[in-house]
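**Q** Below you'll find input15.cif; it's mmCIF, C-alpha atoms and all ligand atoms.
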data_input
loop_
_atom_site.label_atom_id
_atom_site.label_comp_id
_atom_site.auth_asym_id
_atom_site.auth_seq_id
_atom_site.Cartn_x
_atom_site.Cartn_y
_atom_site.Cartn_z
CA MET D 259 115.51 84.43 115.06
CA GLN D 260 117.65 87.45 115.68
CA THR D 261 116.94 90.83 114.14
CA ILE D 262 119.60 93.36 113.48
CA SER D 263 118.33 96.85 113.85
CA PRO D 264 119.56 99.33 111.24
CA PRO D 265 117.22 99.22 108.28
CA TYR D 266 119.33 99.23 105.13
CA THR D 267 118.65 101.91 102.60
CA ASN D 268 119.20 101.66 98.92
CA ASN D 269 122.69 103.05 99.35
CA LEU D 270 124.07 99.63 100.06
CA ASN D 271 127.65 100.65 99.49
CA SER D 272 127.72 102.72 102.62
CA LEU D 273 125.02 100.84 104.57
CA VAL D 274 123.69 103.97 106.18
CA ARG D 275 120.96 103.93 108.79
CA THR D 276 117.61 105.32 107.70
CA SER D 277 116.07 108.35 109.33
CA PRO D 278 113.60 107.58 112.17
CA HIS D 279 110.69 107.20 109.80
CA LYS D 280 110.54 106.07 106.24
CA PHE D 281 107.68 108.00 104.70
CA THR D 282 109.72 110.07 102.36
CA GLY D 283 107.82 109.42 99.18
CA ALA D 284 107.95 106.99 96.35
CA CYS D 285 110.70 104.50 95.92
CA SER D 286 113.04 105.73 93.24
CA PRO D 287 114.35 103.01 90.96
CA VAL D 288 117.77 101.90 92.05
CA ARG D 289 120.39 101.24 89.43
CA LEU D 290 121.70 97.74 89.92
CA ALA D 291 125.28 97.46 90.89
CA VAL D 292 125.57 93.96 89.48
CA HIS D 293 125.01 93.59 85.77
CA CYS D 294 123.15 90.64 84.40
CA VAL D 295 124.81 88.49 81.80
CA PHE D 296 122.67 86.23 79.67
CA ARG D 297 124.22 83.60 77.53
CA SER D 298 122.60 81.70 74.78
CA ASP D 299 124.58 78.55 75.63
CA SER D 300 122.73 78.29 78.92
CA VAL D 301 119.63 77.01 77.17
CA GLN D 302 119.19 73.30 77.82
CA PHE D 303 115.66 72.75 76.64
CA PRO D 304 113.92 70.89 75.14
CA ASN D 305 116.10 67.82 75.62
CA GLY D 306 115.22 67.48 79.26
CA ILE D 307 116.73 69.02 82.33
CA GLY D 308 119.67 67.29 83.93
CA TYR D 309 119.83 66.46 87.58
CA ASN D 310 123.19 67.90 88.45
CA ARG D 311 123.54 71.35 89.87
CA ALA D 312 125.06 72.96 86.80
CA ASP D 313 122.40 71.54 84.50
CA TRP D 314 119.67 72.69 86.80
CA GLN D 315 121.11 76.15 87.20
CA SER D 316 121.36 76.52 83.49
CA SER D 317 117.74 75.49 83.16
CA CYS D 318 116.79 78.27 85.51
CA ALA D 319 118.24 80.85 83.21
CA ILE D 320 115.96 82.42 80.69
CA LEU D 321 114.92 79.38 78.75
CA SER D 322 114.08 81.11 75.58
CA SER D 323 114.79 84.71 74.91
CA LYS D 324 115.16 85.06 71.22
CA VAL D 325 116.39 88.62 71.44
CA VAL D 326 119.07 87.77 73.94
CA SER D 327 120.27 84.75 72.05
CA LEU D 328 120.68 86.86 68.95
CA GLU D 329 122.58 89.52 70.77
CA GLN D 330 124.94 87.37 72.79
CA PRO D 331 127.30 85.24 70.76
CA THR D 332 127.83 81.77 72.11
CA ASP D 333 131.31 81.44 73.54
CA LYS D 334 131.99 77.78 74.09
CA SER D 335 135.59 78.46 74.98
CA SER D 336 134.81 80.28 78.20
CA GLY D 337 133.34 77.49 80.21
CA GLY D 338 130.48 75.94 78.31
CA ALA D 339 127.56 74.18 79.92
CA GLY D 340 128.45 72.96 83.36
CA GLY D 341 131.56 75.14 83.83
CA ALA D 342 131.93 77.53 86.74
CA ASP D 343 131.66 80.58 84.54
CA HIS D 344 128.52 79.18 83.01
CA VAL D 345 126.90 78.54 86.35
CA ALA D 346 127.67 82.00 87.58
CA SER D 347 126.48 83.76 84.50
CA VAL D 348 123.07 82.14 84.41
CA ASN D 349 122.47 83.42 87.88
CA GLY D 350 122.80 86.90 86.58
CA HIS D 351 126.21 87.68 88.00
CA LYS D 352 129.34 87.90 86.02
CA THR D 353 131.39 85.92 88.48
CA SER D 354 134.25 84.65 86.40
CA VAL D 355 137.31 83.08 88.00
CA GLU D 356 139.10 86.45 87.93
CA ASN D 357 136.45 88.53 89.62
CA LEU D 358 135.94 85.96 92.36
CA ASN D 359 139.65 86.46 93.11
CA LEU D 360 140.31 82.81 92.72
CA ILE D 361 143.87 81.92 91.85
CA PRO D 362 144.60 78.98 89.59
CA ILE D 363 145.95 76.06 91.63
CA ASP D 364 149.40 76.18 90.05
CA ALA D 365 149.87 79.85 90.76
CA ALA D 366 148.54 79.51 94.28
CA THR D 367 150.91 76.79 95.31
CA SER D 368 154.00 78.18 93.59
CA HIS D 369 153.62 81.85 94.65
CA SER D 370 151.18 82.70 97.34
CA GLY D 371 149.74 79.38 98.44
CA PRO D 372 150.34 77.69 101.76
CA PRO D 373 153.79 76.21 102.41
CA ALA D 374 154.29 72.60 101.38
CA SER D 375 154.14 71.51 105.02
CA GLN D 376 150.52 72.79 105.23
CA PRO D 377 148.74 71.13 102.36
CA GLN D 378 145.46 72.72 101.42
CA LYS D 379 142.54 71.21 103.30
CA PRO D 380 140.42 69.08 101.01
CA LEU D 381 136.90 70.33 100.45
CA SER D 382 134.37 68.59 102.60
CA ILE D 383 130.65 68.25 102.16
CA THR D 384 130.05 71.26 104.41
CA ASP D 385 132.13 73.46 102.09
CA LEU D 386 129.74 72.55 99.32
CA SER D 387 126.52 73.09 101.18
CA PRO D 388 124.52 76.25 100.48
CA ALA D 389 124.96 77.34 104.12
CA PRO D 390 126.23 80.89 104.71
CA MET D 391 129.99 81.41 104.43
CA HIS D 392 130.28 84.04 107.16
CA GLY D 393 129.12 82.27 110.29
CA SER D 394 126.36 80.05 111.41
CA LYS D 395 123.35 82.28 110.80
CA LEU D 396 121.55 82.72 107.54
CA ARG D 397 121.02 86.43 106.84
CA VAL D 398 117.53 87.13 105.53
CA ALA D 399 116.67 90.56 104.11
CA TYR D 400 113.09 91.78 104.36
CA GLN D 401 111.31 95.02 103.63
CA GLY D 402 110.18 96.89 106.70
CA VAL D 403 111.26 97.34 110.28
CA PRO D 404 111.19 94.83 113.16
CA GLY D 405 107.61 93.75 113.84
CA ALA D 406 106.72 93.59 110.12
CA TYR D 407 104.99 90.44 108.88
CA SER D 408 107.84 89.86 106.46
CA GLU D 409 110.15 89.55 109.45
CA ALA D 410 107.82 86.91 110.91
CA ALA D 411 107.82 85.10 107.55
CA ALA D 412 111.63 85.11 107.57
CA GLY D 413 111.51 83.55 111.05
CA LYS D 414 109.04 80.91 109.95
CA ALA D 415 111.11 79.93 106.92
CA TYR D 416 114.48 80.06 108.67
CA PRO D 417 113.96 79.83 112.45
CA ASN D 418 117.55 80.71 113.43
CA CYS D 419 118.14 83.38 110.85
CA GLU D 420 119.42 86.89 111.30
CA ALA D 421 116.65 89.10 109.89
CA ILE D 422 117.92 92.21 108.10
CA PRO D 423 115.42 95.09 107.77
CA CYS D 424 115.53 97.06 104.49
CA ASP D 425 113.59 100.18 103.69
CA GLN D 426 112.54 99.03 100.20
CA PHE D 427 112.04 95.67 98.50
CA GLU D 428 114.54 96.75 95.88
CA VAL D 429 117.11 97.05 98.66
CA ALA D 430 116.32 93.57 99.96
CA PHE D 431 116.95 92.19 96.47
CA GLN D 432 120.21 94.09 96.16
CA ALA D 433 121.31 92.95 99.62
CA VAL D 434 121.20 89.37 98.32
CA GLU D 435 122.77 90.23 94.98
CA LEU D 436 125.65 91.97 96.74
CA TRP D 437 126.14 89.12 99.25
CA ILE D 438 125.10 91.28 102.20
CA ALA D 439 122.26 88.83 102.80
CA ASP D 440 121.78 85.17 101.87
CA ARG D 441 118.04 85.30 101.25
CA ALA D 442 115.32 87.86 100.66
CA VAL D 443 111.73 87.36 101.71
CA LEU D 444 108.99 88.80 99.52
CA PRO D 445 105.20 88.83 100.08
CA VAL D 446 103.53 87.99 96.77
CA GLU D 447 99.87 87.42 97.49
CA ASN D 448 97.23 87.51 100.16
CA SER D 449 94.01 85.57 100.56
CA LEU D 450 92.01 88.79 100.96
CA GLY D 451 94.00 91.48 99.15
CA GLY D 452 95.15 89.39 96.16
CA SER D 453 98.46 89.67 94.38
CA ILE D 454 101.08 92.22 95.32
CA HIS D 455 101.78 93.28 91.77
CA ARG D 456 104.87 95.37 92.30
CA ASN D 457 106.60 92.38 93.81
CA TYR D 458 105.87 90.26 90.75
CA ASP D 459 107.49 92.95 88.65
CA LEU D 460 110.55 92.85 90.92
CA LEU D 461 110.91 89.10 90.44
CA LEU D 462 111.27 89.70 86.73
CA ARG D 463 113.62 92.67 86.99
CA HIS D 464 116.07 90.79 89.20
CA ARG D 465 117.78 87.49 88.65
CA LEU D 466 117.21 85.85 92.03
CA HIS D 467 115.67 82.38 92.31
CA ILE D 468 112.68 81.32 94.37
CA VAL D 469 113.95 78.67 96.79
CA GLY D 470 110.98 78.35 99.13
CA GLU D 471 107.58 79.65 100.17
CA VAL D 472 105.80 80.20 103.45
CA GLN D 473 102.19 80.94 104.14
CA LEU D 474 101.70 83.10 107.16
CA PRO D 475 98.39 83.66 108.94
CA VAL D 476 98.20 87.42 109.41
CA HIS D 477 96.55 88.83 112.52
CA HIS D 478 96.07 92.60 112.34
CA CYS D 479 95.61 94.95 115.28
CA LEU D 480 94.67 98.62 115.40
CA LEU D 481 97.42 100.42 117.31
CA ALA D 482 97.52 103.89 118.84
CA LEU D 483 99.63 105.71 121.40
CA PRO D 484 98.81 104.84 125.02
CA GLY D 485 95.79 106.80 126.28
CA VAL D 486 94.46 107.63 122.80
CA ARG D 487 90.78 106.75 122.30
CA LYS D 488 89.15 105.52 119.12
CA GLU D 489 87.15 108.75 118.80
CA TYR D 490 90.36 110.82 118.46
CA ILE D 491 91.57 108.93 115.41
CA THR D 492 91.36 110.88 112.12
CA ARG D 493 93.85 108.83 110.12
CA VAL D 494 94.74 105.15 109.81
CA ILE D 495 98.07 104.31 108.20
CA SER D 496 99.48 100.99 107.08
CA HIS D 497 100.75 98.90 104.21
CA PRO D 498 98.17 98.98 101.37
CA GLN D 499 97.53 95.24 101.75
CA ALA D 500 96.80 95.63 105.46
CA LEU D 501 94.40 98.52 104.76
CA ALA D 502 92.62 96.39 102.15
CA GLN D 503 92.40 93.40 104.50
CA CYS D 504 90.74 95.45 107.27
CA GLU D 505 88.54 97.80 105.25
CA HIS D 506 85.14 96.47 106.39
CA THR D 507 86.13 96.06 110.02
CA LEU D 508 87.43 99.63 110.15
CA THR D 509 84.11 100.86 108.85
CA LYS D 510 82.20 98.66 111.32
CA LEU D 511 84.30 100.11 114.17
CA GLY D 512 82.80 103.49 113.25
CA LEU D 513 86.14 105.12 112.54
CA GLN D 514 85.77 108.41 110.66
CA ALA D 515 89.34 108.23 109.51
CA ALA D 516 91.23 108.71 106.28
CA ARG D 517 93.27 105.73 105.11
CA GLU D 518 96.86 106.34 104.14
CA ALA D 519 99.25 103.85 102.61
CA VAL D 520 102.81 103.57 103.85
CA ASP D 521 105.63 101.13 103.17
CA ASP D 522 105.08 98.57 105.92
CA THR D 523 102.85 97.86 108.88
CA ALA D 524 105.41 97.99 111.66
CA GLY D 525 106.95 101.11 110.11
CA ALA D 526 103.54 102.76 110.47
CA ALA D 527 103.54 102.02 114.22
CA GLU D 528 107.11 103.24 114.57
CA TYR D 529 106.25 106.46 112.71
CA ILE D 530 103.34 107.24 115.06
CA ALA D 531 105.49 106.55 118.11
CA THR D 532 108.46 108.56 116.86
CA ASN D 533 106.31 111.56 115.96
CA ASN D 534 103.94 111.29 118.93
CA LEU D 535 100.89 111.36 116.65
CA ARG D 536 97.81 111.20 118.85
CA ASP D 537 95.30 111.44 115.98
CA THR D 538 96.73 108.57 113.97
CA ALA D 539 96.37 104.80 114.30
CA ALA D 540 98.33 102.03 112.58
CA ILE D 541 97.32 98.58 111.40
CA ALA D 542 100.13 96.28 112.46
CA SER D 543 101.00 93.21 114.51
CA ALA D 544 100.81 92.80 118.28
CA ARG D 545 104.60 92.43 118.19
CA ALA D 546 104.87 95.89 116.58
CA ALA D 547 102.72 97.29 119.42
CA GLU D 548 105.12 95.82 121.94
CA LEU D 549 108.25 97.01 120.12
CA TYR D 550 107.09 100.62 119.66
CA GLY D 551 105.18 101.09 122.93
CA MET D 552 101.72 101.29 121.37
CA GLN D 553 98.41 100.16 122.81
CA ILE D 554 96.11 97.76 121.00
CA LEU D 555 92.81 99.59 120.35
CA ALA D 556 91.23 96.64 118.53
CA ASP D 557 92.57 93.10 118.15
CA GLY D 558 91.98 90.90 115.10
CA ILE D 559 90.59 93.55 112.74
CA HIS D 560 91.12 91.64 109.47
CA ASP D 561 87.86 91.13 107.58
CA ASP D 562 88.20 87.37 107.38
CA SER D 563 89.75 85.04 109.91
CA SER D 564 91.45 82.99 107.21
CA ASN D 565 93.77 85.83 106.31
CA VAL D 566 96.95 84.32 104.94
CA THR D 567 99.85 85.92 103.12
CA ARG D 568 102.15 83.90 100.89
CA PHE D 569 105.81 84.86 100.90
CA VAL D 570 108.57 83.55 98.65
CA MET D 571 112.19 83.15 99.67
CA LEU D 572 114.80 84.27 97.16
CA ALA D 573 118.44 83.30 96.78
CA ARG D 574 121.28 83.90 94.38
CA GLU D 575 121.28 80.25 93.36
CA PRO D 576 118.42 77.86 92.75
CA ILE D 577 117.97 74.76 94.83
CA ILE D 578 118.14 71.37 93.19
CA PRO D 579 114.57 70.20 92.68
CA ARG D 580 113.56 66.86 94.19
CA THR D 581 110.72 64.40 93.89
CA ASP D 582 110.57 63.04 97.45
CA ARG D 583 108.20 65.76 98.66
CA PRO D 584 105.64 68.10 97.07
CA PHE D 585 107.26 70.82 95.01
CA LYS D 586 105.88 73.87 93.31
CA THR D 587 107.42 75.58 90.28
CA SER D 588 106.98 79.24 89.32
CA ILE D 589 107.46 80.42 85.76
CA VAL D 590 106.95 83.63 83.82
CA PHE D 591 106.39 83.79 80.10
CA ALA D 592 105.37 86.16 77.33
CA HIS D 593 103.04 85.35 74.47
CA ASP D 594 104.33 84.68 71.04
CA LYS D 595 102.24 85.59 68.03
CA GLY D 596 99.51 83.15 67.08
CA THR D 597 96.05 82.12 68.02
CA SER D 598 94.89 80.63 71.32
CA VAL D 599 98.41 80.85 72.72
CA LEU D 600 97.32 81.04 76.33
CA PHE D 601 95.00 78.08 75.85
CA LYS D 602 97.83 76.04 74.31
CA VAL D 603 100.21 76.93 77.12
CA LEU D 604 97.75 75.98 79.83
CA SER D 605 96.81 72.76 78.11
CA ALA D 606 100.49 71.70 78.18
CA PHE D 607 99.97 71.38 81.94
CA ALA D 608 96.41 70.01 81.80
CA PHE D 609 97.38 67.13 79.50
CA ARG D 610 99.99 66.04 82.03
CA ASN D 611 97.70 66.33 85.04
CA ILE D 612 99.74 69.16 86.47
CA SER D 613 97.61 71.46 88.60
CA LEU D 614 98.10 75.18 88.33
CA THR D 615 97.85 77.00 91.65
CA LYS D 616 98.16 80.52 90.34
CA ILE D 617 98.05 82.59 87.19
CA GLU D 618 98.71 86.28 87.13
CA SER D 619 99.18 88.65 84.24
CA ARG D 620 101.15 91.87 84.30
CA PRO D 621 101.65 94.44 81.56
CA HIS D 622 104.70 93.74 79.47
CA ARG D 623 107.17 96.39 80.64
CA ASN D 624 109.05 96.94 77.40
CA ARG D 625 106.15 96.27 75.07
CA PRO D 626 102.84 97.12 76.81
CA ILE D 627 100.83 97.73 73.64
CA ARG D 628 100.68 96.10 70.21
CA LEU D 629 98.95 97.93 67.37
CA VAL D 630 96.93 95.88 64.95
CA ASP D 631 96.13 97.67 61.69
CA ASP D 632 93.22 96.91 59.46
CA ALA D 633 93.02 99.24 56.47
CA ASN D 634 89.22 99.05 56.38
CA VAL D 635 88.39 99.35 60.05
CA GLY D 636 91.27 101.22 61.67
CA THR D 637 93.84 100.42 64.30
CA ALA D 638 93.23 98.32 67.40
CA LYS D 639 95.41 98.30 70.48
CA HIS D 640 96.15 94.99 72.17
CA PHE D 641 97.70 94.95 75.59
CA GLU D 642 100.73 92.70 75.92
CA TYR D 643 101.26 90.73 79.10
CA MET D 644 103.72 88.73 81.07
CA PHE D 645 102.07 85.67 82.61
CA TYR D 646 103.16 84.29 85.95
CA VAL D 647 102.13 80.71 86.56
CA ASP D 648 102.70 78.47 89.59
CA PHE D 649 102.19 74.75 89.10
CA GLU D 650 102.30 71.78 91.41
CA ALA D 651 105.25 69.75 90.16
CA SER D 652 108.98 69.66 90.59
CA MET D 653 111.32 70.44 87.73
CA ALA D 654 112.96 67.11 88.54
CA GLU D 655 109.84 65.43 87.12
CA VAL D 656 109.86 64.50 83.45
CA ARG D 657 106.23 65.61 83.04
CA ALA D 658 107.15 69.13 84.20
CA GLN D 659 110.18 69.24 81.90
CA ASN D 660 108.05 68.11 78.96
CA ALA D 661 105.33 70.62 79.79
CA LEU D 662 107.86 73.44 79.76
CA ALA D 663 109.46 72.21 76.56
CA GLU D 664 106.02 72.48 74.99
CA VAL D 665 105.29 75.86 76.55
CA GLN D 666 108.53 77.12 75.08
CA GLU D 667 107.20 76.45 71.60
CA PHE D 668 104.36 78.94 72.07
CA THR D 669 106.19 81.68 73.92
CA SER D 670 108.69 84.38 73.03
CA PHE D 671 110.12 84.42 76.54
CA LEU D 672 110.12 81.84 79.30
CA ARG D 673 111.92 81.81 82.61
CA VAL D 674 111.75 79.40 85.53
CA LEU D 675 111.66 81.59 88.63
CA GLY D 676 112.20 78.58 90.88
CA SER D 677 111.22 75.04 91.79
CA TYR D 678 110.88 74.72 95.54
CA PRO D 679 109.19 72.73 98.33
CA MET D 680 105.55 73.61 98.92
CA ASP D 681 104.65 74.98 102.33
CA MET D 682 102.65 72.05 103.73
CA THR D 683 102.23 73.30 107.31
CA PRO D 684 98.80 72.38 108.62
CA TRP D 685 96.25 75.16 108.44
CA CYS D 686 96.27 77.18 111.62
CA PRO D 687 94.36 80.47 111.64
CA SER D 688 95.98 83.50 113.21
CA ARG D 689 95.96 84.02 116.98
CA ASP D 690 92.52 84.09 118.68
CA ASP D 691 90.56 83.46 115.48
O1 LIG B 701 104.12 95.55 106.04
C1 LIG B 701 104.40 94.40 106.45
O2 LIG B 701 104.43 94.10 107.65
C2 LIG B 701 104.70 93.36 105.48
O3 LIG B 701 105.46 92.47 105.74
C3 LIG B 701 103.90 93.37 104.20
C4 LIG B 701 102.55 92.80 104.52
C5 LIG B 701 101.47 93.64 104.75
C6 LIG B 701 100.25 93.09 105.05
C7 LIG B 701 100.10 91.73 105.14
C8 LIG B 701 101.18 90.91 104.93
C9 LIG B 701 102.42 91.44 104.59
#
Would you write the structure of this file as structure tokens?
**A**
Amino acid sequence: MQTISPPYTNNLNSLVRTSPHKFTGACSPVRLAVHCVFRSDSVQFPNGIGYNRADWQSSCAILSSKVVSLEQPTDKSSGGAGGADHVASVNGHKTSVENLNLIPIDAATSHSGPPASQPQKPLSITDLSPAPMHGSKLRVAYQGVPGAYSEAAAGKAYPNCEAIPCDQFEVAFQAVELWIADRAVLPVENSLGGSIHRNYDLLLRHRLHIVGEVQLPVHHCLLALPGVRKEYITRVISHPQALAQCEHTLTKLGLQAAREAVDDTAGAAEYIATNNLRDTAAIASARAAELYGMQILADGIHDDSSNVTRFVMLAREPIIPRTDRPFKTSIVFAHDKGTSVLFKVLSAFAFRNISLTKIESRPHRNRPIRLVDDANVGTAKHFEYMFYVDFEASMAEVRAQNALAEVQEFTSFLRVLGSYPMDMTPWCPSRDD
């Protein structure tokens, strides 16, 4: 894997380099440059999901958003299910024929196309593959600087990729949306620290598709500048997940140090090195120590040796689900009114022997609270949630399609985030454990 060095900032139009360190405060929301277009005619359920690419892509659009379908009139004349416009729009990009700068065949050959003696080369199978268009290497955006675990996850998922550091997750998403990168890698949960909630929220805000997952054993080290002793350390900085994963070990080491959260582990090491901070240590990888000239004060400081982080790989287009290997599918849905809705949704999977591997709830962004009035008793507040569920089945399987068709009946919103091969690499704890 090759890493290119300038971390991209959220000003993707100019691709400026970031300042030497990245601890400049909270991430301000970035306005998306690409507008999402939802179309009601992209809904294919509940008659089953087709196996061709266009059918599948349409199934990955929001499956049931009643508000959207009311707001967006169906325009069958502009492509319809299976047309190019349709495929592009369900991926959240308004990539019509005109804005892709494609010229109709007639116009191309009569005006600006190649001379008759050079007939256009027929498309071959390689033209149709999802490989990058710009060269041989897949460009994978990750949040952090070289030495971050997300960079290692990118290398595990795509061994020959070009890893592109970004200073915020939002930027990594935009890099893919704007075709600066082909994939983004996103940590979503950890065996010790639990879910990374902000990243779940990002999955919903953007229209990228999950196309893969990797589980990475994470081996944390305590890093300081060369010559610095443990007793001098008054502050330990790292990614919040890394701090959480090492909490007990830090205490056992007898460190009287304040913990401070920063954006990424390797960035913490780089910050100490750049600013010559002799009272500060970072929790980061051994590779970060090497890259930023730090010494390893303590090796393997995570509280449990089976410390694994799960990352998902995101792309502009979904992959076509298969049945010849284990697949996982990730969905997000919102409750509809009614009783026992969550029970009914989960039983749609249970009745079909589909195992759930994960369920996570997040506050509903646009509708966090519902008021329930009772004239006699008063007003109660219910929290409203978005539920994220991962289940062990491929969307190419009829049982998964039927389960989702049923789920759709009980939900006001349902979206398939992706159906992708499960990471089946044999369990191997992190180095030296
Ligand atoms: O900060 C990093 O290096 C990341 O990639 C995020 C992270 C932090 C802690 C464990 C796994 C991933």
**Q** Compile the contact shell of segment 467-474 of chain D as number ranges by chain: residues with an atom at most 7 Å away, counting only C-alpha atoms, same-chain residues fewer than 4 positions apart removed.
**A** D: 411, 415, 566-577, 675-681
**Q** Please, could you write that set of residues out with C-alpha atoms as a CSV table (one decimal), in the coordinates of the input?
**A**
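Result went into out-v2.csv, see below:
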chain,number,residue,atom,x,y,z
D,411,ALA,CA,107.8,85.1,107.6
D,415,ALA,CA,111.1,79.9,106.9
D,566,VAL,CA,97.0,84.3,104.9
D,567,THR,CA,99.8,85.9,103.1
D,568,ARG,CA,102.2,83.9,100.9
D,569,PHE,CA,105.8,84.9,100.9
D,570,VAL,CA,108.6,83.6,98.6
D,571,MET,CA,112.2,83.2,99.7
D,572,LEU,CA,114.8,84.3,97.2
D,573,ALA,CA,118.4,83.3,96.8
D,574,ARG,CA,121.3,83.9,94.4
D,575,GLU,CA,121.3,80.2,93.4
D,576,PRO,CA,118.4,77.9,92.8
D,577,ILE,CA,118.0,74.8,94.8
D,675,LEU,CA,111.7,81.6,88.6
D,676,GLY,CA,112.2,78.6,90.9
D,677,SER,CA,111.2,75.0,91.8
D,678,TYR,CA,110.9,74.7,95.5
D,679,PRO,CA,109.2,72.7,98.3
D,680,MET,CA,105.6,73.6,98.9
D,681,ASP,CA,104.6,75.0,102.3
**Q** As a quick test: using all atoms listed in the file, which residues lie no more than 6 Å away from ligand LIG 701 (chain B)? Give them as a ChimeraX atom specification.
**A** /D:406-408,445,497,499-500,522-524,567
**Q** Interatomic distance between atom CA of Phe668 of chain D and atom CA of Ser605 of chain D?
**A**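 Atom CA of Phe668 of chain D sits 11.5 Å away from atom CA of Ser605 of chain D.
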**Q** Between atom CA of Leu672 of chain D and atom CA of Arg610 of chain D, measure the distance and give it in Å to one decimal.
**A**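 For atom CA of Leu672 of chain D relative to atom CA of Arg610 of chain D, the distance reads 19.0 Å.
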**Q** Point out the residue among D:Ala412, D:Val674, D:Leu662, D:Leu460 with the least atom-to-atom distance to Arg620 of chain D, counting only C-alpha atoms.
**A** D:Leu460
**Q** Return the single residue from D:Arg545, D:Arg463, D:Lys586, D:Lys602 that is closest to His477 of chain D, with distances computed using all atoms listed in the file.
**A** D:Arg545
**Q** Between D:Gln401, D:Asn418, D:Gln503, D:Gln666, single out the one closest to Ser449 of chain D, counting only C-alpha atoms.
**A**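 Smallest separation from Ser449 of chain D among the options: D:Gln503.
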**Q** For atom CA of Pro498 of chain D and atom CA of Asp561 of chain D, quote the distance in Å rounded to one decimal.
**A**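 One can read the atom CA of Pro498 of chain D to atom CA of Asp561 of chain D distance as 14.4 Å.
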**Q** Choose the residue, out of D:Ala439, D:Ile554, D:Ile541, D:Leu481, that has the smallest atom-to-atom separation from Ser496 of chain D; count all atoms listed in the file.
**A**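 Between D:Ala439, D:Ile554, D:Ile541, D:Leu481, the residue approaching Ser496 of chain D most closely is D:Ile541.
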**Q** With a distance cut-off of 12 Å and all atoms listed in the file, select the neighbouring residues of Leu535 of chain D, excluding the residue or stretch itself and same-chain residues fewer than 2 positions from it, and output the selection as a compact mmCIF listing (two decimals) with C-alpha atoms, keeping the file's coordinate frame.
**A**
# COMPACT_ATOMS: atom_id res chain seq x y z
CA LEU D 481 97.42 100.42 117.31
CA ALA D 482 97.52 103.89 118.84
CA LEU D 483 99.63 105.71 121.40
CA PRO D 484 98.81 104.84 125.02
CA GLY D 485 95.79 106.80 126.28
CA VAL D 486 94.46 107.63 122.80
CA TYR D 490 90.36 110.82 118.46
CA ILE D 491 91.57 108.93 115.41
CA THR D 492 91.36 110.88 112.12
CA ARG D 493 93.85 108.83 110.12
CA VAL D 494 94.74 105.15 109.81
CA ILE D 495 98.07 104.31 108.20
CA ALA D 526 103.54 102.76 110.47
CA ALA D 527 103.54 102.02 114.22
CA GLU D 528 107.11 103.24 114.57
CA TYR D 529 106.25 106.46 112.71
CA ILE D 530 103.34 107.24 115.06
CA ALA D 531 105.49 106.55 118.11
CA THR D 532 108.46 108.56 116.86
CA ASN D 533 106.31 111.56 115.96
CA ASP D 537 95.30 111.44 115.98
CA THR D 538 96.73 108.57 113.97
CA ALA D 539 96.37 104.80 114.30
CA ALA D 540 98.33 102.03 112.58
CA MET D 552 101.72 101.29 121.37
**Q** Could you check which of D:Asn611, D:Ser543, D:Asn565, D:Ser598 is closest to Ala651 of chain D, using all atoms listed in the file?
**A**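 When distances to Ala651 of chain D are compared using all atoms listed in the file, the smallest one comes from D:Asn611.
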